[in-house]
>>> print(open('data-v9.txt').read())   # compact mmCIF, C-alpha atoms and all ligand atoms
# COMPACT_ATOMS: atom_id res chain seq x y z
CA MET A 19 54.46 -15.70 98.08
CA ASP A 20 52.37 -16.54 95.07
CA SER A 21 48.64 -16.97 94.92
CA THR A 22 47.26 -20.43 94.23
CA ILE A 23 44.44 -21.44 91.93
CA ARG A 24 42.09 -23.90 93.55
CA GLN A 25 39.48 -25.81 91.56
CA ILE A 26 36.68 -26.13 94.09
CA SER A 27 34.13 -27.86 91.83
CA ARG A 28 33.91 -28.94 88.20
CA SER A 29 33.61 -25.40 86.82
CA ALA A 30 34.52 -23.12 89.71
CA TYR A 31 38.03 -21.92 90.42
CA VAL A 32 39.33 -19.54 93.06
CA VAL A 33 42.52 -17.52 92.92
CA ILE A 34 43.43 -17.65 96.60
CA GLY A 35 45.36 -14.53 97.52
CA PRO A 36 48.66 -15.13 99.32
CA GLU A 37 48.61 -14.40 103.07
CA GLY A 38 44.96 -13.48 103.13
CA ALA A 39 45.05 -11.19 100.09
CA THR A 40 41.81 -10.94 98.13
CA ASN A 41 40.29 -14.01 96.48
CA PHE A 42 38.97 -13.90 92.91
CA ALA A 43 36.56 -16.53 91.58
CA ILE A 44 36.18 -17.84 88.06
CA ILE A 45 33.03 -19.68 86.99
CA LYS A 46 33.60 -21.36 83.66
CA ALA A 47 30.64 -22.02 81.38
CA SER A 48 30.23 -25.04 79.08
CA ASP A 49 31.32 -22.95 76.05
CA SER A 50 34.51 -21.87 77.92
CA SER A 51 33.27 -18.35 78.50
CA ALA A 52 33.52 -17.22 82.12
CA ALA A 53 32.12 -15.02 84.83
CA LEU A 54 34.91 -13.43 86.84
CA ILE A 55 34.11 -12.37 90.39
CA ASP A 56 36.26 -9.50 91.68
CA ALA A 57 39.62 -8.41 90.31
CA ASP A 58 42.36 -6.09 91.54
CA ILE A 59 44.36 -4.12 88.96
CA ARG A 60 47.52 -4.60 91.04
CA ARG A 61 47.14 -8.35 90.54
CA ILE A 62 45.81 -8.31 86.97
CA ASP A 63 48.59 -10.59 85.73
CA GLU A 64 47.52 -13.24 88.24
CA VAL A 65 43.92 -12.90 87.06
CA ASP A 66 44.85 -13.18 83.38
CA GLU A 67 47.12 -16.12 84.12
CA ALA A 68 44.32 -17.87 86.05
CA LEU A 69 41.90 -17.32 83.15
CA ARG A 70 44.46 -18.81 80.78
CA LEU A 71 45.36 -21.76 83.00
CA THR A 72 41.69 -22.63 83.55
CA GLY A 73 41.09 -22.60 79.80
CA CYS A 74 38.64 -19.72 79.72
CA ALA A 75 38.25 -18.37 76.18
CA LYS A 76 36.73 -15.06 77.26
CA VAL A 77 35.21 -13.23 80.21
CA SER A 78 31.50 -12.57 79.61
CA TYR A 79 30.84 -10.75 82.88
CA LEU A 80 32.79 -9.22 85.71
CA ILE A 81 30.88 -9.18 89.00
CA ASP A 82 31.91 -6.90 91.90
CA THR A 83 31.01 -8.34 95.32
CA HIS A 84 31.42 -4.84 96.83
CA GLU A 85 33.06 -1.48 96.26
CA HIS A 86 36.46 -1.88 97.92
CA PHE A 87 39.51 -1.18 95.77
CA ASP A 88 40.96 -4.69 96.04
CA HIS A 89 37.73 -6.07 94.53
CA THR A 90 36.87 -3.43 91.91
CA SER A 91 40.04 -1.72 90.72
CA ALA A 92 40.32 -3.90 87.61
CA ASN A 93 36.89 -2.71 86.44
CA PHE A 94 38.76 -0.25 84.19
CA TYR A 95 40.71 -3.04 82.51
CA PHE A 96 37.64 -5.16 81.74
CA ALA A 97 35.44 -2.20 80.76
CA GLN A 98 38.06 -1.28 78.17
CA ARG A 99 37.59 -4.73 76.70
CA GLY A 100 33.83 -4.17 76.48
CA ILE A 101 32.98 -6.60 79.28
CA PRO A 102 29.85 -5.76 81.28
CA ILE A 103 30.41 -5.15 84.98
CA ILE A 104 27.64 -6.14 87.37
CA ALA A 105 27.20 -4.88 90.93
CA SER A 106 24.57 -3.87 93.46
CA ALA A 107 23.20 -0.34 93.42
CA GLY A 108 24.70 0.04 96.90
CA CYS A 109 28.13 -0.81 95.51
CA ALA A 110 27.76 1.58 92.57
CA GLN A 111 26.58 4.40 94.81
CA ALA A 112 29.42 3.90 97.30
CA MET A 113 31.93 3.99 94.44
CA LYS A 114 30.35 7.19 93.11
CA ASP A 115 30.41 8.82 96.54
CA GLU A 116 33.74 7.67 97.95
CA GLY A 117 35.55 5.68 95.28
CA ALA A 118 37.67 8.27 93.50
CA ALA A 119 39.60 9.37 96.59
CA ASP A 120 40.09 5.78 97.65
CA PHE A 121 41.27 4.80 94.17
CA ALA A 122 43.91 7.56 94.08
CA ARG A 123 45.09 6.72 97.59
CA MET A 124 45.45 3.00 96.86
CA LEU A 125 47.40 3.65 93.64
CA GLN A 126 49.88 6.02 95.29
CA PRO A 127 52.36 3.22 96.07
CA VAL A 128 52.13 1.84 92.50
CA PRO A 129 52.18 4.87 90.14
CA GLU A 130 53.66 2.70 87.38
CA LEU A 131 50.18 1.27 86.84
CA TYR A 132 49.08 4.64 85.42
CA GLU A 133 51.76 4.22 82.73
CA ARG A 134 50.92 0.63 82.05
CA PHE A 135 47.18 1.40 81.78
CA PRO A 136 46.76 4.90 80.31
CA GLY A 137 43.60 6.56 81.61
CA LEU A 138 43.39 4.17 84.57
CA GLY A 139 40.74 5.36 86.98
CA LEU A 140 37.71 4.47 89.02
CA THR A 141 35.26 2.64 86.76
CA LEU A 142 31.70 2.15 87.92
CA PRO A 143 29.71 -1.00 87.22
CA ASP A 144 27.38 -0.62 84.24
CA VAL A 145 24.82 -3.29 85.10
CA VAL A 146 23.28 -2.43 88.45
CA PHE A 147 20.63 -4.29 90.48
CA ASN A 148 18.84 -3.49 93.73
CA GLU A 149 18.09 -6.66 95.73
CA THR A 150 18.65 -9.72 93.55
CA THR A 151 19.53 -10.60 89.99
CA GLU A 152 20.55 -13.62 87.95
CA VAL A 153 23.47 -14.00 85.60
CA LYS A 154 23.30 -16.79 83.03
CA LEU A 155 26.02 -18.37 80.93
CA PRO A 156 25.79 -21.71 79.10
CA GLY A 157 25.32 -24.32 81.87
CA VAL A 158 25.71 -21.72 84.60
CA MET A 159 23.13 -19.91 86.71
CA LEU A 160 24.41 -17.37 89.22
CA HIS A 161 22.08 -15.85 91.81
CA LEU A 162 23.26 -12.50 93.14
CA GLN A 163 21.85 -11.26 96.43
CA TYR A 164 22.43 -7.85 97.97
CA CYS A 165 23.12 -8.46 101.69
CA ALA A 166 24.33 -5.18 103.19
CA GLU A 167 21.96 -4.96 106.15
CA ASN A 168 20.35 -1.49 106.15
CA GLY A 169 22.69 -0.51 103.36
CA HIS A 170 25.93 -1.05 105.26
CA SER A 171 27.56 -4.21 106.63
CA HIS A 172 31.20 -4.99 105.75
CA SER A 173 30.64 -2.42 103.02
CA LYS A 174 27.72 -0.65 101.37
CA GLY A 175 27.66 -2.99 98.42
CA ASP A 176 27.92 -6.47 99.98
CA THR A 177 26.65 -9.05 97.52
CA THR A 178 26.73 -12.83 97.74
CA ILE A 179 26.73 -15.09 94.69
CA TYR A 180 25.32 -18.62 94.49
CA PHE A 181 26.39 -20.83 91.58
CA GLU A 182 23.38 -23.09 91.41
CA GLU A 183 24.59 -26.06 89.34
CA GLU A 184 27.61 -26.78 91.52
CA GLU A 185 26.33 -25.36 94.80
CA VAL A 186 29.11 -22.85 95.32
CA PHE A 187 28.48 -19.89 97.62
CA ILE A 188 30.67 -16.81 97.27
CA ALA A 189 30.38 -14.65 100.37
CA GLY A 190 32.60 -11.69 99.46
CA ASP A 191 34.07 -9.87 102.44
CA LEU A 192 31.15 -10.70 104.71
CA LEU A 193 33.38 -13.69 105.48
CA TYR A 194 37.10 -13.93 106.19
CA THR A 195 38.62 -17.33 107.02
CA GLU A 196 41.83 -17.83 109.00
CA VAL A 197 42.78 -14.14 108.81
CA HIS A 198 41.85 -11.00 110.73
CA PRO A 199 39.12 -9.10 108.87
CA VAL A 200 39.18 -5.49 107.72
CA THR A 201 36.36 -4.01 109.77
CA PHE A 202 36.92 -0.27 109.57
CA PHE A 203 34.85 0.45 106.49
CA GLY A 204 32.01 -1.49 108.03
CA ASN A 205 29.05 -1.15 110.32
CA ILE A 206 29.67 -3.97 112.80
CA PRO A 207 26.15 -4.27 114.30
CA ASN A 208 24.63 -4.47 110.80
CA TRP A 209 27.32 -6.90 109.72
CA LEU A 210 26.40 -9.16 112.67
CA THR A 211 22.78 -9.13 111.52
CA ALA A 212 23.75 -9.84 107.91
CA LEU A 213 25.72 -12.93 108.97
CA LYS A 214 22.85 -14.68 110.78
CA PRO A 215 20.88 -15.88 107.72
CA LEU A 216 24.12 -17.06 106.13
CA TYR A 217 24.42 -19.77 108.82
CA GLU A 218 21.48 -21.53 107.19
CA THR A 219 22.50 -21.05 103.56
CA HIS A 220 22.84 -24.21 101.49
CA TYR A 221 26.03 -24.90 99.50
CA ARG A 222 28.72 -27.52 99.06
CA HIS A 223 31.62 -25.11 98.67
CA LEU A 224 32.12 -21.76 100.34
CA VAL A 225 34.37 -18.95 99.09
CA PRO A 226 35.30 -16.13 101.50
CA GLY A 227 36.58 -12.74 100.34
CA HIS A 228 39.92 -13.46 102.01
CA GLY A 229 41.38 -16.72 103.29
CA PRO A 230 41.02 -20.38 102.33
CA THR A 231 37.84 -21.81 100.80
CA VAL A 232 35.71 -24.19 102.86
CA ASP A 233 34.08 -27.47 101.79
CA GLY A 234 30.69 -28.43 103.19
CA ALA A 235 27.90 -26.37 104.73
CA GLU A 236 28.58 -27.73 108.23
CA SER A 237 32.18 -26.48 108.15
CA GLY A 238 30.98 -23.28 106.52
CA LYS A 239 28.58 -22.66 109.37
CA VAL A 240 31.47 -22.92 111.82
CA TYR A 241 33.35 -20.24 109.88
CA PHE A 242 30.33 -17.92 109.69
CA LYS A 243 29.88 -18.36 113.44
CA LYS A 244 33.56 -17.63 114.08
CA MET A 245 33.27 -14.49 111.96
CA HIS A 246 30.20 -13.42 113.93
CA ASP A 247 31.80 -14.08 117.30
CA TYR A 248 34.99 -12.27 116.32
CA LEU A 249 33.05 -9.15 115.29
CA GLU A 250 30.80 -9.24 118.33
CA ASP A 251 33.79 -9.59 120.64
CA PHE A 252 35.75 -6.85 118.85
CA TYR A 253 32.80 -4.48 119.02
CA GLY A 254 32.50 -5.12 122.76
CA GLN A 255 36.24 -4.53 123.18
CA LEU A 256 35.96 -1.16 121.41
CA LYS A 257 33.30 -0.15 123.90
CA GLU A 258 35.66 -1.14 126.71
CA ILE A 259 38.27 1.25 125.30
CA ASN A 260 35.74 4.03 124.89
CA SER A 261 34.55 3.69 128.47
CA GLY A 262 38.12 3.62 129.78
CA ARG A 263 37.89 0.09 131.19
CA LYS A 264 40.57 -1.25 128.86
CA SER A 265 43.55 0.23 127.09
CA GLU A 266 44.13 -0.02 123.36
CA ALA A 267 47.10 -2.27 124.05
CA GLU A 268 44.97 -4.63 126.13
CA VAL A 269 42.41 -4.91 123.37
CA ALA A 270 45.10 -5.44 120.73
CA GLU A 271 46.52 -8.20 122.92
CA HIS A 272 43.08 -9.77 123.44
CA MET A 273 42.35 -9.81 119.69
CA GLN A 274 45.57 -11.69 119.01
CA SER A 275 45.31 -14.34 121.71
CA GLY A 276 43.14 -17.36 122.48
CA ALA A 277 40.87 -18.27 119.58
CA TYR A 278 42.50 -15.55 117.45
CA ALA A 279 46.15 -16.44 118.04
CA ALA A 280 46.47 -18.46 114.84
CA LEU A 281 44.81 -15.89 112.52
CA GLY A 282 46.93 -14.32 109.78
CA LYS A 283 47.20 -10.61 108.84
CA ASN A 284 47.92 -9.57 112.44
CA ARG A 285 48.62 -6.01 111.34
CA MET A 286 44.88 -5.56 110.77
CA VAL A 287 44.19 -5.65 114.50
CA GLN A 288 45.90 -2.34 115.25
CA ARG A 289 44.51 -0.77 112.07
CA ASN A 290 40.98 -1.83 112.98
CA ILE A 291 41.35 -0.37 116.47
CA ASN A 292 42.91 2.89 115.23
CA HIS A 293 40.20 3.55 112.68
CA PHE A 294 37.39 3.10 115.14
CA LEU A 295 39.09 5.28 117.72
CA THR A 296 39.68 8.09 115.26
CA GLY A 297 36.10 8.55 114.27
CA ARG A 298 34.91 5.57 112.27
CA TRP A 299 32.42 4.43 114.83
CA PHE A 300 29.22 2.85 113.63
ZN ZN B 1 36.16 -5.39 101.50
>>> encode(input="data-v9.txt", output="structure tokens")
Amino acid sequence: MDSTIRQISRSAYVVIGPEGATNFAIIKASDSSAALIDADIRRIDEVDEALRLTGCAKVSYLIDTHEHFDHTSANFYFAQRGIPIIASAGCAQAMKDEGAADFARMLQPVPELYERFPGLGLTLPDVVFNETTEVKLPGVMLHLQYCAENGHSHSKGDTTIYFEEEEVFIAGDLLYTEVHPVTFFGNIPNWLTALKPLYETHYRHLVPGHGPTVDGAESGKVYFKKMHDYLEDFYGQLKEINSGRKSEAEVAEHMQSGAYAALGKNRMVQRNINHFLTGRWF
């Protein structure tokens, strides 16, 4: 399945990953320069194609919403082209601490990328901020906000981006829509806390890290609440396994039934359970 490019407002486009794969956003300025938000080296052709199809003349900034490979692995490609890469200090630190091993592991199934991009490797952001920063392009103001509660929610770098002129809110992987989330790099209690203020955030268009975009703050609120309730329930279910009241199979079944039955990326359920039971317990 191919990804689709969705124009969500006059100057904002989202490459919607197929079957819940990572979303990448393009904010196009009035001079046809662009800010690109997240990019995966395995899908660089899709990103380049989207930039071409949306008429972007150049990328002025690449912004990483957080450190995970599927959001940052094309940093190398854009750094080589002299494009500044912006991310939170939390994101940069997590990449420094844990990124190299993760990068090598994720590239194992696609070694041909090392040939296609000689020197390919983990590339840290070079413009780093602590709590908030602004990114300006002609006709575009982006507000970046570090949101990893106590330094660790979905990830250690979680950053949201608000495109002021067109009221677009990019939530990164704090929000998944219509698909099971990846929870096992996260701290679920902190993630739950980080989600609360997002219920009240103002926007007209909402972009999750994975899954379809959402129009309208009222609908967005429903999705943030669903995300919260999913995580809260899952965390409770993990405790049930730990205390012996439920089996892994029962929890896996629970997380794929009822309100969750229609969610995509079912394989994540077992992976989420396995990771928490083998030591990733926050
Ligand atoms: Zn992530």
>>> residues_near_ligand(input="data-v9.txt", ligand="ligand ZN 1 (chain B)", cutoff="10 Å", atoms="only C-alpha atoms and all ligand atoms", output="ChimeraX atom specification")
/A:40,83-90,172-176,190-194,199-204,227-228
>>> atom_distance(input="data-v9.txt", atom1="atom CA of A:Asn292", atom2="atom CA of A:Leu140")
26.8 Å
>>> residues_around(input="data-v9.txt", residues="A:Pro226", least_positions_apart="2", cutoff="12 Å", atoms="all atoms listed in the file", output="JSON, numbers by chain")
{"A": [32, 33, 34, 35, 38, 39, 40, 41, 42, 43, 55, 56, 83, 177, 178, 179, 186, 187, 188, 189, 190, 191, 192, 193, 194, 195, 196, 197, 199, 223, 224, 228, 229, 230, 231, 232, 233, 238, 241, 242, 245]}
>>> residues_around(input="data-v9.txt", residues="stretch 273-284 of chain A", least_positions_apart="2", cutoff="6 Å", atoms="all atoms listed in the file", output="list of chain:residue names")
A:Glu196, A:Val197, A:His198, A:Ala270, A:Glu271, A:Met286, A:Val287
>>> closest_atom_pairs(input="data-v9.txt", of="stretch 138-175 of chain A", to="stretch 96-116 of chain A", cutoff="7 Å", atoms="only C-alpha atoms", output="Markdown table")
| residue | atom | partner | partner_atom | distance |
| --- | --- | --- | --- | --- |
| A:Leu142 | CA | A:Ala110 | CA | 6.1 |
| A:Pro143 | CA | A:Ile103 | CA | 4.8 |
| A:Asp144 | CA | A:Ile103 | CA | 5.5 |
| A:Val145 | CA | A:Ile104 | CA | 4.6 |
| A:Val146 | CA | A:Ala105 | CA | 5.2 |
| A:Phe147 | CA | A:Ser106 | CA | 5.0 |
| A:Asn148 | CA | A:Ala107 | CA | 5.4 |
| A:Tyr164 | CA | A:Ser106 | CA | 6.4 |
| A:Gly169 | CA | A:Gly108 | CA | 6.8 |
| A:Lys174 | CA | A:Gly108 | CA | 5.4 |
| A:Gly175 | CA | A:Cys109 | CA | 3.7 |
>>> closest_residue(input="data-v9.txt", among="A:Asp247, A:Ala267, A:Leu138, A:Trp209", to="A:Ser171", atoms="all atoms listed in the file")
A:Trp209
>>> closest_residue(input="data-v9.txt", among="A:Gly137, A:Lys76, A:Thr211, A:Glu67", to="A:Glu250", atoms="only C-alpha atoms")
A:Thr211
>>> atom_distance(input="data-v9.txt", atom1="atom CA of A:Arg70", atom2="atom CA of A:Ser27")
17.6 Å
>>> atom_distance(input="data-v9.txt", atom1="atom CA of A:Ile62", atom2="atom CA of A:Val225")
19.8 Å
>>> closest_residue(input="data-v9.txt", among="A:Glu37, A:Gln255, A:Leu210, A:Gln163", to="A:Arg285", atoms="only C-alpha atoms")
A:Glu37
>>> closest_residue(input="data-v9.txt", among="A:Thr22, A:Pro136, A:Val153, A:Gly262", to="A:Ala53", atoms="all atoms listed in the file")
A:Val153
>>> closest_residue(input="data-v9.txt", among="A:Tyr217, A:Arg289, A:Met159, A:Ile206", to="A:Tyr248", atoms="only C-alpha atoms")
A:Ile206
>>> closest_residue(input="data-v9.txt", among="A:Ala68, A:Ala122, A:Leu160, A:Ile259", to="A:Gly139", atoms="only C-alpha atoms")
A:Ala122
